[in-house]
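**Q** One file: work_19.pdb (PDB, C-alpha atoms).
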```
ATOM      1  CA  MET V   1     157.683-117.399  62.820
ATOM      2  CA  LEU V   2     159.430-120.733  63.397
ATOM      3  CA  ARG V   3     162.516-119.549  61.536
ATOM      4  CA  TYR V   4     163.050-116.801  64.098
ATOM      5  CA  LEU V   5     161.807-118.596  67.188
ATOM      6  CA  GLY V   6     165.242-118.321  68.818
ATOM      7  CA  VAL V   7     165.159-114.534  68.494
ATOM      8  CA  PHE V   8     162.058-114.274  70.643
ATOM      9  CA  GLY V   9     161.940-114.295  74.407
ATOM     10  CA  ARG V  10     158.957-114.545  76.706
ATOM     11  CA  VAL V  11     157.830-112.149  79.416
ATOM     12  CA  PRO V  12     157.112-114.408  82.430
ATOM     13  CA  ALA V  13     154.525-112.096  83.971
ATOM     14  CA  SER V  14     152.286-111.940  80.902
ATOM     15  CA  GLY V  15     153.333-114.777  78.640
ATOM     16  CA  HIS V  16     153.763-112.327  75.754
ATOM     17  CA  LEU V  17     156.522-112.764  73.201
ATOM     18  CA  CYS V  18     159.343-110.245  73.000
ATOM     19  CA  LEU V  19     162.606-109.948  71.084
ATOM     20  CA  ASP V  20     165.822-111.107  72.736
ATOM     21  CA  GLY V  21     168.347-108.315  72.242
ATOM     22  CA  GLU V  22     171.343-110.573  72.880
ATOM     23  CA  ALA V  23     170.223-113.109  70.280
ATOM     24  CA  LEU V  24     170.007-110.363  67.650
ATOM     25  CA  LEU V  25     173.727-109.665  68.053
ATOM     26  CA  PHE V  26     174.629-113.130  66.715
ATOM     27  CA  ILE V  27     172.753-112.815  63.412
ATOM     28  CA  GLY V  28     174.808-112.113  60.283
ATOM     29  CA  ALA V  29     174.394-108.899  58.310
ATOM     30  CA  ASN V  30     172.461-110.286  55.332
ATOM     31  CA  GLN V  31     170.156-112.422  57.449
ATOM     32  CA  ARG V  32     169.723-109.478  59.801
ATOM     33  CA  ARG V  33     168.350-107.424  56.907
ATOM     34  CA  VAL V  34     165.881-110.175  56.022
ATOM     35  CA  LEU V  35     164.939-110.507  59.687
ATOM     36  CA  SER V  36     164.287-106.764  59.914
ATOM     37  CA  GLU V  37     162.024-106.864  56.875
ATOM     38  CA  GLU V  38     160.014-109.830  58.101
ATOM     39  CA  ILE V  39     159.709-108.460  61.628
ATOM     40  CA  GLY V  40     158.548-105.252  59.950
ATOM     41  CA  ILE V  41     155.710-107.137  58.281
ATOM     42  CA  GLY V  42     154.493-108.645  61.546
ATOM     43  CA  PHE V  43     154.680-105.517  63.657
ATOM     44  CA  GLY V  44     153.444-103.381  60.765
ATOM     45  CA  ILE V  45     150.229-105.383  60.475
ATOM     46  CA  VAL V  46     149.655-105.214  64.235
ATOM     47  CA  ALA V  47     150.229-101.444  64.216
ATOM     48  CA  ALA V  48     147.920-100.979  61.228
ATOM     49  CA  LYS V  49     145.113-102.832  62.984
ATOM     50  CA  MET V  50     145.607-100.609  66.030
ATOM     51  CA  TRP V  51     145.462 -97.594  63.689
ATOM     52  CA  VAL V  52     142.138 -98.811  62.283
ATOM     53  CA  ARG V  53     140.689 -99.449  65.749
ATOM     54  CA  ALA V  54     141.795 -96.043  67.013
ATOM     55  CA  ARG V  55     139.602 -94.434  64.349
ATOM     56  CA  ASN V  56     136.819 -97.037  64.490
ATOM     57  CA  PRO V  57     136.441 -98.121  68.149
ATOM     58  CA  GLN V  58     133.520-100.490  67.476
ATOM     59  CA  VAL V  59     134.986-102.083  64.354
ATOM     60  CA  GLY V  60     134.717-105.845  63.842
ATOM     61  CA  PRO V  61     137.396-108.153  62.403
ATOM     62  CA  ILE V  62     140.227-106.523  60.454
ATOM     63  CA  ALA V  63     142.001-108.427  57.679
ATOM     64  CA  ALA V  64     145.362-107.757  56.019
ATOM     65  CA  ILE V  65     145.234-109.088  52.443
ATOM     66  CA  ASP V  66     148.245-109.583  50.178
ATOM     67  CA  VAL V  67     147.924-107.138  47.271
ATOM     68  CA  ASP V  68     149.846-109.383  44.853
ATOM     69  CA  GLN V  69     147.484-112.271  45.467
ATOM     70  CA  ALA V  70     144.458-110.028  45.020
ATOM     71  CA  LEU V  71     145.821-108.558  41.776
ATOM     72  CA  TYR V  72     147.548-111.566  40.226
ATOM     73  CA  ASP V  73     146.196-114.580  42.149
ATOM     74  CA  GLU V  74     149.725-115.457  43.269
ATOM     75  CA  VAL V  75     152.722-114.139  45.171
ATOM     76  CA  VAL V  76     154.954-112.237  42.766
ATOM     77  CA  PRO V  77     158.700-112.923  43.281
ATOM     78  CA  ALA V  78     160.632-109.931  44.586
ATOM     79  CA  LEU V  79     162.826-109.629  41.481
ATOM     80  CA  GLU V  80     159.754-109.464  39.264
ATOM     81  CA  ARG V  81     158.291-106.693  41.412
ATOM     82  CA  ASN V  82     161.206-104.367  40.632
ATOM     83  CA  GLY V  83     159.802-101.265  39.013
ATOM     84  CA  ARG V  84     156.398-101.684  40.618
ATOM     85  CA  ARG V  85     155.438 -99.259  43.333
ATOM     86  CA  GLN V  86     152.347-100.916  44.784
ATOM     87  CA  PRO V  87     151.775-101.315  48.550
ATOM     88  CA  ASP V  88     152.004-104.662  50.338
ATOM     89  CA  TYR V  89     148.535-105.119  51.796
ATOM     90  CA  LEU V  90     144.893-104.162  51.686
ATOM     91  CA  LEU V  91     143.223-103.642  55.058
ATOM     92  CA  ALA V  92     139.571-104.717  55.016
ATOM     93  CA  PHE V  93     137.048-104.278  57.808
ATOM     94  CA  PRO V  94     133.262-103.889  58.214
ATOM     95  CA  ASP V  95     131.784-100.422  58.406
ATOM     96  CA  GLU V  96     130.721 -99.514  61.949
ATOM     97  CA  SER V  97     127.368 -98.111  60.829
ATOM     98  CA  ASP V  98     126.572-100.914  58.363
ATOM     99  CA  PRO V  99     128.448-104.237  58.797
ATOM    100  CA  SER V 100     127.296-105.415  55.355
ATOM    101  CA  VAL V 101     129.569-102.760  53.830
ATOM    102  CA  ARG V 102     133.354-103.184  53.836
ATOM    103  CA  ASN V 103     135.963-100.442  54.152
ATOM    104  CA  PHE V 104     139.287-100.828  52.337
ATOM    105  CA  GLU V 105     142.582 -99.118  53.111
ATOM    106  CA  LEU V 106     146.219 -99.727  52.168
ATOM    107  CA  LEU V 107     149.242-100.807  54.182
ATOM    108  CA  GLU V 108     152.929-100.703  53.302
ATOM    109  CA  THR V 109     155.318-102.329  55.788
ATOM    110  CA  LYS V 110     159.033-101.665  56.166
ATOM    111  CA  GLY V 111     161.754-102.940  58.492
ATOM    112  CA  THR V 112     165.230-101.710  59.380
ATOM    113  CA  VAL V 113     167.790-101.465  62.184
ATOM    114  CA  SER V 114     168.242 -97.694  61.853
ATOM    115  CA  SER V 115     165.857 -94.861  62.739
ATOM    116  CA  SER V 116     167.383 -92.621  60.074
ATOM    117  CA  ASN V 117     166.755 -95.275  57.431
ATOM    118  CA  ALA V 118     163.187 -95.634  58.681
ATOM    119  CA  GLU V 119     162.501 -92.021  57.738
ATOM    120  CA  HIS V 120     163.608 -92.712  54.162
ATOM    121  CA  GLN V 121     161.459 -95.847  54.137
ATOM    122  CA  LEU V 122     158.403 -93.863  55.177
ATOM    123  CA  ALA V 123     158.962 -91.370  52.370
ATOM    124  CA  ARG V 124     159.333 -94.169  49.828
ATOM    125  CA  GLY V 125     156.313 -95.976  51.242
ATOM    126  CA  THR V 126     153.992 -93.022  50.704
ATOM    127  CA  THR V 127     154.716 -93.187  46.966
ATOM    128  CA  GLN V 128     153.794 -96.876  47.041
ATOM    129  CA  LEU V 129     150.419 -96.089  48.599
ATOM    130  CA  ALA V 130     149.756 -93.873  45.585
ATOM    131  CA  GLY V 131     150.800 -96.692  43.235
ATOM    132  CA  LEU V 132     147.450 -98.479  43.517
ATOM    133  CA  THR V 133     144.235 -96.636  42.732
ATOM    134  CA  VAL V 134     140.630 -97.805  42.501
ATOM    135  CA  ASP V 135     138.517 -96.319  39.730
ATOM    136  CA  ALA V 136     141.219 -93.608  39.473
ATOM    137  CA  ASN V 137     140.817 -92.703  43.167
ATOM    138  CA  LEU V 138     143.449 -92.929  45.895
ATOM    139  CA  LEU V 139     142.718 -95.074  48.955
ATOM    140  CA  PRO V 140     143.427 -94.182  52.590
ATOM    141  CA  GLY V 141     146.501 -95.942  53.891
ATOM    142  CA  VAL V 142     149.368 -96.122  56.339
ATOM    143  CA  VAL V 143     153.092 -96.824  56.044
ATOM    144  CA  VAL V 144     154.753 -98.467  59.064
ATOM    145  CA  SER V 145     158.508 -98.825  59.499
ATOM    146  CA  THR V 146     159.700-101.074  62.332
ATOM    147  CA  VAL V 147     163.131-100.346  63.786
ATOM    148  CA  SER V 148     164.401-103.498  65.524
ATOM    149  CA  ASN V 149     167.800-103.698  67.185
ATOM    150  CA  ALA V 150     169.431-104.648  70.466
ATOM    151  CA  ALA V 151     167.902-101.593  72.136
ATOM    152  CA  GLY V 152     164.387-102.797  71.432
ATOM    153  CA  ILE V 153     161.643-102.161  68.895
ATOM    154  CA  ARG V 154     160.377 -98.807  67.698
ATOM    155  CA  LEU V 155     157.593 -98.183  65.208
ATOM    156  CA  MET V 156     157.347 -95.109  62.994
ATOM    157  CA  ALA V 157     154.344 -94.459  60.757
ATOM    158  CA  VAL V 158     152.749 -91.964  58.407
ATOM    159  CA  ASP V 159     149.148 -91.973  57.185
ATOM    160  CA  PRO V 160     148.330 -89.617  54.288
ATOM    161  CA  GLU V 161     144.677 -88.616  54.493
ATOM    162  CA  GLU V 162     142.323 -89.721  51.718
ATOM    163  CA  ARG V 163     138.576 -90.199  51.476
ATOM    164  CA  LYS V 164     136.992 -93.408  52.802
ATOM    165  CA  VAL V 165     136.481 -96.237  50.289
ATOM    166  CA  ARG V 166     133.485 -98.537  50.884
ATOM    167  CA  TRP V 167     132.229-101.613  49.013
ATOM    168  CA  SER V 168     129.246-103.956  49.389
ATOM    169  CA  PRO V 169     130.034-107.625  48.593
ATOM    170  CA  SER V 170     127.631-109.570  46.403
ATOM    171  CA  ASP V 171     127.528-113.304  45.716
ATOM    172  CA  ASP V 172     127.781-112.700  41.961
ATOM    173  CA  SER V 173     130.889-110.511  42.185
ATOM    174  CA  LEU V 174     132.651-112.925  44.552
ATOM    175  CA  ARG V 175     131.900-115.991  42.427
ATOM    176  CA  SER V 176     132.876-114.236  39.216
ATOM    177  CA  ALA V 177     136.204-113.136  40.702
ATOM    178  CA  ARG V 178     137.081-116.706  41.736
ATOM    179  CA  HIS V 179     137.225-117.859  38.143
ATOM    180  CA  ALA V 180     138.592-114.711  36.511
ATOM    181  CA  SER V 181     141.953-115.002  34.789
ATOM    182  CA  ARG V 182     144.448-112.466  36.142
ATOM    183  CA  ARG V 183     147.785-112.160  34.392
ATOM    184  CA  ARG V 184     150.679-110.073  35.573
ATOM    185  CA  SER V 185     151.120-106.761  33.849
ATOM    186  CA  ARG V 186     154.485-105.374  32.858
ATOM    187  CA  PRO V 187     156.237-103.448  35.664
ATOM    188  CA  THR V 188     154.596-100.096  36.113
ATOM    189  CA  ASP V 189     154.642 -97.238  38.582
ATOM    190  CA  LYS V 190     150.891 -97.214  38.964
ATOM    191  CA  ILE V 191     148.001 -99.656  38.659
ATOM    192  CA  ASP V 192     144.346 -98.663  38.485
ATOM    193  CA  VAL V 193     141.730-101.349  39.166
ATOM    194  CA  ALA V 194     137.943-101.398  39.117
ATOM    195  CA  ALA V 195     136.515-101.497  42.643
ATOM    196  CA  ASP V 196     134.391-104.597  42.106
ATOM    197  CA  GLU V 197     137.302-106.498  40.568
ATOM    198  CA  LEU V 198     139.852-105.694  43.274
ATOM    199  CA  PHE V 199     137.618-105.920  46.317
ATOM    200  CA  ALA V 200     135.854-109.124  45.246
ATOM    201  CA  SER V 201     139.203-110.749  44.505
ATOM    202  CA  SER V 202     140.715-109.584  47.793
ATOM    203  CA  THR V 203     137.725-110.888  49.761
ATOM    204  CA  ASN V 204     138.139-114.323  48.176
ATOM    205  CA  VAL V 205     141.865-114.225  48.968
ATOM    206  CA  GLU V 206     141.055-113.290  52.569
ATOM    207  CA  MET V 207     138.670-116.229  53.013
ATOM    208  CA  ALA V 208     141.020-118.702  51.321
ATOM    209  CA  SER V 209     144.042-117.536  53.325
ATOM    210  CA  LEU V 210     142.185-117.965  56.601
ATOM    211  CA  ALA V 211     141.033-121.448  55.607
ATOM    212  CA  GLU V 212     144.541-122.402  54.537
ATOM    213  CA  PHE V 213     145.976-121.086  57.812
ATOM    214  CA  GLY V 214     143.752-123.577  59.618
ATOM    215  CA  GLY V 215     144.710-126.430  57.301
ATOM    216  CA  LEU V 216     141.266-126.410  55.641
ATOM    217  CA  SER V 217     142.499-127.100  52.121
ATOM    218  CA  GLU V 218     139.143-127.956  50.576
ATOM    219  CA  SER V 219     137.613-124.758  51.923
ATOM    220  CA  ALA V 220     140.581-122.743  50.648
ATOM    221  CA  ARG V 221     140.108-124.119  47.140
ATOM    222  CA  LEU V 222     136.401-123.317  47.292
ATOM    223  CA  TRP V 223     137.245-119.634  47.695
ATOM    224  CA  ARG V 224     140.268-119.728  45.364
ATOM    225  CA  PRO V 225     139.938-122.548  42.811
ATOM    226  CA  HIS V 226     143.327-121.714  41.263
ATOM    227  CA  LEU V 227     145.049-122.932  44.436
ATOM    228  CA  LEU V 228     144.683-126.471  43.097
ATOM    229  CA  ASP V 229     146.870-125.593  40.125
ATOM    230  CA  TRP V 230     150.023-125.098  42.158
ATOM    231  CA  ARG V 231     149.489-126.629  45.598
ATOM    232  CA  GLY V 232     147.867-129.948  44.848
ATOM    233  CA  ARG V 233     145.394-131.745  47.067
ATOM    234  CA  ARG V 234     145.783-132.629  50.725
ATOM    235  CA  ALA V 235     143.338-133.688  53.396
ATOM    236  CA  ASP V 236     141.785-131.138  55.727
ATOM    237  CA  SER V 237     143.246-130.901  59.209
ATOM    238  CA  ALA V 238     141.124-132.093  62.108
ATOM    239  CA  THR V 239     143.184-131.256  65.201
ATOM    240  CA  VAL V 240     141.094-129.470  67.833
ATOM    241  CA  ARG V 241     142.477-127.258  70.584
ATOM    242  CA  GLU V 242     140.542-125.140  73.073
ATOM    243  CA  ASN V 243     141.008-122.022  75.159
ATOM    244  CA  ASP V 244     138.624-119.650  76.924
ATOM    245  CA  LEU V 245     137.363-118.416  73.538
ATOM    246  CA  GLY V 246     136.188-121.883  72.516
ATOM    247  CA  ALA V 247     137.348-124.636  70.177
ATOM    248  CA  PHE V 248     139.709-124.151  67.231
ATOM    249  CA  ILE V 249     140.242-126.499  64.286
ATOM    250  CA  GLY V 250     143.666-126.580  62.675
ATOM    251  CA  GLU V 251     146.992-128.333  62.447
ATOM    252  CA  GLU V 252     149.797-128.848  64.932
ATOM    253  CA  MET V 253     153.518-129.268  64.427
ATOM    254  CA  VAL V 254     155.842-130.770  67.035
ATOM    255  CA  LEU V 255     159.536-129.866  67.064
ATOM    256  CA  GLU V 256     161.858-131.881  69.239
ATOM    257  CA  ALA V 257     165.476-132.991  69.505
ATOM    258  CA  PRO V 258     167.241-135.321  71.974
ATOM    259  CA  GLY V 259     167.973-133.558  75.241
ATOM    260  CA  LEU V 260     166.030-130.419  74.292
ATOM    261  CA  GLU V 261     162.568-129.132  75.103
ATOM    262  CA  ARG V 262     159.675-130.078  72.865
ATOM    263  CA  ILE V 263     157.900-127.237  71.077
ATOM    264  CA  ARG V 264     154.322-127.560  69.866
ATOM    265  CA  VAL V 265     153.016-125.058  67.339
ATOM    266  CA  PHE V 266     149.284-125.025  66.661
ATOM    267  CA  GLN V 267     147.558-122.808  64.131
ATOM    268  CA  GLY V 268     143.850-122.963  63.626
ATOM    269  CA  VAL V 269     140.518-121.251  63.108
ATOM    270  CA  ALA V 270     137.575-120.912  65.493
ATOM    271  CA  ARG V 271     135.213-123.847  64.969
ATOM    272  CA  ASP V 272     132.193-121.734  63.937
ATOM    273  CA  VAL V 273     134.293-119.747  61.470
ATOM    274  CA  ALA V 274     135.782-122.962  60.060
ATOM    275  CA  THR V 275     132.289-124.376  59.547
ATOM    276  CA  ALA V 276     131.144-121.231  57.730
ATOM    277  CA  LEU V 277     134.219-121.300  55.475
ATOM    278  CA  LYS V 278     133.092-124.668  54.099
ATOM    279  CA  GLY V 279     130.311-122.869  52.220
ATOM    280  CA  ASP V 280     130.662-120.046  49.722
ATOM    281  CA  ASP V 281     128.392-117.636  51.609
ATOM    282  CA  TYR V 282     130.575-114.679  52.560
ATOM    283  CA  ARG V 283     127.879-113.146  54.751
ATOM    284  CA  ALA V 284     127.724-116.311  56.874
ATOM    285  CA  VAL V 285     131.491-116.206  57.418
ATOM    286  CA  ALA V 286     131.421-112.486  58.187
ATOM    287  CA  GLU V 287     128.674-112.942  60.773
ATOM    288  CA  THR V 288     130.553-115.689  62.647
ATOM    289  CA  GLN V 289     133.685-113.535  62.558
ATOM    290  CA  ARG V 290     131.806-110.554  63.992
ATOM    291  CA  GLN V 291     130.532-112.740  66.824
ATOM    292  CA  PHE V 292     134.038-114.050  67.489
ATOM    293  CA  ALA V 293     135.515-110.533  67.379
ATOM    294  CA  ARG V 294     132.947-109.359  69.928
ATOM    295  CA  ILE V 295     133.786-112.208  72.322
ATOM    296  CA  GLU V 296     137.520-111.683  71.822
ATOM    297  CA  LYS V 297     137.155-107.954  72.537
ATOM    298  CA  GLU V 298     135.114-108.631  75.679
ATOM    299  CA  ARG V 299     137.810-110.976  76.917
ATOM    300  CA  GLY V 300     140.447-108.323  76.293
ATOM    301  CA  ASP V 301     138.401-105.624  78.036
ATOM    302  CA  ALA V 302     137.985-107.936  81.023
ATOM    303  CA  GLY V 303     141.724-108.546  81.241
ATOM    304  CA  GLY V 304     141.564-112.097  79.921
ATOM    305  CA  GLU V 305     144.876-113.934  79.791
ATOM    306  CA  ASP V 306     146.374-115.572  76.730
ATOM    307  CA  PHE V 307     148.627-117.960  78.632
ATOM    308  CA  ARG V 308     148.169-120.794  81.121
ATOM    309  CA  ALA V 309     149.655-120.731  84.581
ATOM    310  CA  GLY V 310     152.250-123.410  85.198
ATOM    311  CA  GLN V 311     152.805-124.130  81.511
ATOM    312  CA  PRO V 312     154.855-122.001  79.100
ATOM    313  CA  VAL V 313     152.227-121.215  76.480
ATOM    314  CA  ALA V 314     152.027-118.134  74.276
ATOM    315  CA  GLU V 315     148.955-117.442  72.153
ATOM    316  CA  ALA V 316     148.109-114.877  69.509
ATOM    317  CA  VAL V 317     144.463-114.475  68.520
ATOM    318  CA  SER V 318     143.205-112.325  65.662
ATOM    319  CA  SER V 319     139.727-110.873  65.409
ATOM    320  CA  ASP V 320     138.942-112.871  62.256
ATOM    321  CA  GLY V 321     139.008-116.122  64.254
ATOM    322  CA  ALA V 322     142.615-117.298  63.818
ATOM    323  CA  LEU V 323     144.760-118.694  66.637
ATOM    324  CA  LEU V 324     148.514-119.314  66.859
ATOM    325  CA  ARG V 325     149.694-121.173  69.963
ATOM    326  CA  ILE V 326     153.270-122.064  70.897
ATOM    327  CA  THR V 327     153.808-124.462  73.791
ATOM    328  CA  VAL V 328     157.170-125.423  75.300
ATOM    329  CA  GLN V 329     157.082-128.756  77.137
TER
END
```
The structure given in the file should be rewritten as structure tokens.

**A**
Amino acid sequence: MLRYLGVFGRVPASGHLCLDGEALLFIGANQRRVLSEEIGIGFGIVAAKMWVRARNPQVGPIAAIDVDQALYDEVVPALERNGRRQPDYLLAFPDESDPSVRNFELLETKGTVSSSNAEHQLARGTTQLAGLTVDANLLPGVVVSTVSNAAGIRLMAVDPEERKVRWSPSDDSLRSARHASRRRSRPTDKIDVAADELFASSTNVEMASLAEFGGLSESARLWRPHLLDWRGRRADSATVRENDLGAFIGEEMVLEAPGLERIRVFQGVARDVATALKGDDYRAVAETQRQFARIEKERGDAGGEDFRAGQPVAEAVSSDGALLRITVQ
């Protein structure tokens, strides 16, 4: 996000971020390709969550979980992924009829500057959705290609229909998955995983990623003990910021240079969610997230604003309790 801050503009009337078409023209070809891919990830996840909500209007928090981390407990370098055809993310969300049950779907994100290339990306992405099966069954999923250029942003998507996949978390499966050893397999076109293994691992990754986003290192290691092996120890963040949704605990970065505006970037987690993450009770975390998602939805339905009058502030809030705030002073 910070790397591409100069590419984004701000709509004065709403405070929402947008892309600056003129700024895009000054980015070199290779970096432009990388930019397209990374913008594709961001917009692809947003579109996928909208896709889930369109089919499940009363759904609670929706998480996008890195497939590599769920399968291998780490991010696999791009060169080592050559030959693999697995999708990027798992989408996880509570079942509308029974919140104790989780639904899982797949997401593959693409990014490009050309609409014609986007069509090829969608075709390739559908094969990647089929590259990960659970107990020999395909999962529902969506492929999103984001076309970003000076003319604006356009999203194209395809969602092959498959049967719904549901899973009920248990304390035993979650704790067992935290300490399981997962080694990378040789490159393959298709991977089949047991439901309990994949979904328990992905749920732990989801909890740890949220804690880490808020600077809650100890909580992150509770959910993913292997994090200590390659990230070392650091103290938990304690910065608190508030908005109309309540208090958030996280960390703040200040960017400044002589003669230029100061930029504050805060990322954190709702206080109640952060407190629940300090234990290893998934149900407690899920319940606080459902409560937060309900409040966040009510604010949206009531036309709540995510900016403050008189001060250039842009906020992004996700239904799982995460907040990103950028302030220009």

**Q** When distances are computed from all atoms listed in the file, which of V:Asp20, V:Asp172, V:Asp159, V:Asp66 shows the smallest separation from Ala47 in chain V?

**A** V:Asp159

**Q** Using all atoms listed in the file, which protein or nucleic acid residues come within 6 Å of range 264-271 of chain V? Drop anything in the same chain fewer than 3 positions from it, and give the result as a VMD selection string.

**A** chain V and resid 214 247 to 254 274 321 to 327

**Q** Can you pull out every residue within 12 Å of Glu96 in chain V, counting all atoms listed in the file, but drop anything in the same chain fewer than 4 positions away, and send it as a ChimeraX atom specification?

**A** /V:52-53,55-62,100-103,166,290

**Q** Write out, as a compact mmCIF listing (two decimals), in the frame of the given file, the residues just selected, with C-alpha atoms.

**A**
```txt
# COMPACT_ATOMS: atom_id res chain seq x y z
CA VAL V 52 142.14 -98.81 62.28
CA ARG V 53 140.69 -99.45 65.75
CA ARG V 55 139.60 -94.43 64.35
CA ASN V 56 136.82 -97.04 64.49
CA PRO V 57 136.44 -98.12 68.15
CA GLN V 58 133.52 -100.49 67.48
CA VAL V 59 134.99 -102.08 64.35
CA GLY V 60 134.72 -105.84 63.84
CA PRO V 61 137.40 -108.15 62.40
CA ILE V 62 140.23 -106.52 60.45
CA SER V 100 127.30 -105.42 55.36
CA VAL V 101 129.57 -102.76 53.83
CA ARG V 102 133.35 -103.18 53.84
CA ASN V 103 135.96 -100.44 54.15
CA ARG V 166 133.49 -98.54 50.88
CA ARG V 290 131.81 -110.55 63.99
```

**Q** Which residues of range 191-235 of chain V come within 8 Å of range 175-181 of chain V, and what is each one's closest atom pair and distance in Å (one decimal), counting only C-alpha atoms, sorted by chain and residue number, as a Markdown table?

**A**
```
| residue | atom | partner | partner_atom | distance |
| --- | --- | --- | --- | --- |
| V:Glu197 | CA | V:Ala177 | CA | 6.7 |
| V:Ala200 | CA | V:Ala177 | CA | 6.1 |
| V:Ser201 | CA | V:Ala177 | CA | 5.4 |
| V:Asn204 | CA | V:Arg178 | CA | 6.9 |
| V:Trp223 | CA | V:Arg178 | CA | 6.6 |
| V:Arg224 | CA | V:Arg178 | CA | 5.7 |
| V:Pro225 | CA | V:Arg178 | CA | 6.6 |
| V:His226 | CA | V:His179 | CA | 7.9 |
```

**Q** For the structure provided, state which residues fall under the PyMOL selection byres ((chain V and resi 161) around 12), and present them as a list in words.

**A**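 Selected by the PyMOL selection byres ((chain V and resi 161) around 12) here: Glu105, Leu106, Thr126, Leu129, Ala130, Leu138, Leu139, Pro140, Gly141, Val142, Val143, Val158, Asp159, Pro160, Glu162, Arg163, Lys164 and Val165 of chain V.
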
**Q** Out of V:Gln121, V:Ser148, V:Ser209, V:Asn137, which residue has the shortest atom-to-atom distance to Ile39 in chain V when counting only C-alpha atoms?

**A**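 Looking at the shortest contact to Ile39 in chain V, the residue is V:Ser148.
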
**Q** Out of V:Asp171, V:Glu22, V:Glu212, V:Glu315, which residue has the shortest atom-to-atom distance to Asp244 in chain V when counting all atoms listed in the file?

**A**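 Closest to Asp244 in chain V of all the choices is V:Glu315.
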
**Q** Let me make sure I understand: among V:Val313, V:Val328, V:Val193, V:Val134, which one has the smallest atom-to-atom distance to Leu260 in chain V if we use all atoms listed in the file?

**A** V:Val328

**Q** For the atom pair CA of Ala211 in chain V and CA of Ala238 in chain V, what is the interatomic distance in Å to one decimal place?

**A** 12.5 Å

**Q** Could you please give me, as a PyMOL selection string, the residues of protein, DNA or RNA lying at most 12 Å from (145.1, -106.2, 57.5) in the coordinate frame of the file, considering only C-alpha atoms?

**A** chain V and resi 41-53+61-67+88-93+103-109+141-142+202-203+206+318-320

**Q** Can you write out the residues you just picked, keeping C-alpha atoms, as an mmCIF file, in the coordinates of the input?

**A**
```cif
data_model
loop_
_atom_site.group_PDB
_atom_site.id
_atom_site.type_symbol
_atom_site.label_atom_id
_atom_site.label_comp_id
_atom_site.auth_asym_id
_atom_site.auth_seq_id
_atom_site.Cartn_x
_atom_site.Cartn_y
_atom_site.Cartn_z
ATOM 1 C CA ILE V 41 155.710 -107.137 58.281
ATOM 2 C CA GLY V 42 154.493 -108.645 61.546
ATOM 3 C CA PHE V 43 154.680 -105.517 63.657
ATOM 4 C CA GLY V 44 153.444 -103.381 60.765
ATOM 5 C CA ILE V 45 150.229 -105.383 60.475
ATOM 6 C CA VAL V 46 149.655 -105.214 64.235
ATOM 7 C CA ALA V 47 150.229 -101.444 64.216
ATOM 8 C CA ALA V 48 147.920 -100.979 61.228
ATOM 9 C CA LYS V 49 145.113 -102.832 62.984
ATOM 10 C CA MET V 50 145.607 -100.609 66.030
ATOM 11 C CA TRP V 51 145.462 -97.594 63.689
ATOM 12 C CA VAL V 52 142.138 -98.811 62.283
ATOM 13 C CA ARG V 53 140.689 -99.449 65.749
ATOM 14 C CA PRO V 61 137.396 -108.153 62.403
ATOM 15 C CA ILE V 62 140.227 -106.523 60.454
ATOM 16 C CA ALA V 63 142.001 -108.427 57.679
ATOM 17 C CA ALA V 64 145.362 -107.757 56.019
ATOM 18 C CA ILE V 65 145.234 -109.088 52.443
ATOM 19 C CA ASP V 66 148.245 -109.583 50.178
ATOM 20 C CA VAL V 67 147.924 -107.138 47.271
ATOM 21 C CA ASP V 88 152.004 -104.662 50.338
ATOM 22 C CA TYR V 89 148.535 -105.119 51.796
ATOM 23 C CA LEU V 90 144.893 -104.162 51.686
ATOM 24 C CA LEU V 91 143.223 -103.642 55.058
ATOM 25 C CA ALA V 92 139.571 -104.717 55.016
ATOM 26 C CA PHE V 93 137.048 -104.278 57.808
ATOM 27 C CA ASN V 103 135.963 -100.442 54.152
ATOM 28 C CA PHE V 104 139.287 -100.828 52.337
ATOM 29 C CA GLU V 105 142.582 -99.118 53.111
ATOM 30 C CA LEU V 106 146.219 -99.727 52.168
ATOM 31 C CA LEU V 107 149.242 -100.807 54.182
ATOM 32 C CA GLU V 108 152.929 -100.703 53.302
ATOM 33 C CA THR V 109 155.318 -102.329 55.788
ATOM 34 C CA GLY V 141 146.501 -95.942 53.891
ATOM 35 C CA VAL V 142 149.368 -96.122 56.339
ATOM 36 C CA SER V 202 140.715 -109.584 47.793
ATOM 37 C CA THR V 203 137.725 -110.888 49.761
ATOM 38 C CA GLU V 206 141.055 -113.290 52.569
ATOM 39 C CA SER V 318 143.205 -112.325 65.662
ATOM 40 C CA SER V 319 139.727 -110.873 65.409
ATOM 41 C CA ASP V 320 138.942 -112.871 62.256
#
```

**Q** Work out how far apart CA of Ala316 in chain V and CA of Asp280 in chain V are and give it in Å to one decimal.

**A**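 Separation of CA of Ala316 in chain V and CA of Asp280 in chain V: 26.9 Å.
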
**Q** Give me, as a VMD selection string, all polymer residues having an atom no more than 8 Å from Ser145 in chain V, counting only C-alpha atoms and skipping those fewer than 6 positions away in the same chain.

**A** chain V and resid 40 44 109 to 112 118 121 to 122 155 to 157

**Q** When you draw a straight line from CA of Ala195 in chain V to CA of Phe213 in chain V, how long is it in Å?

**A**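 Answer for the CA of Ala195 in chain V to CA of Phe213 in chain V separation: 26.5 Å.
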
**Q** Can you tell me, as an NGL selection string, what residues are no more than 12 Å from Gly152 in chain V when counting only C-alpha atoms, ignoring any on the same chain fewer than 3 positions away?

**A** :V and (8 or 18-24 or 113-115 or 146-149 or 155)

**Q** Padding 4 Å on each side, edges along x, y and z: where is the centre of the box around the listed atoms of range 34-40 of chain V, and how long are its edges in Å to one decimal? Output it as JSON.

**A**
```
{"center_x": 162.2, "center_y": -107.9, "center_z": 58.8, "size_x": 15.3, "size_y": 13.3, "size_z": 13.6}
```
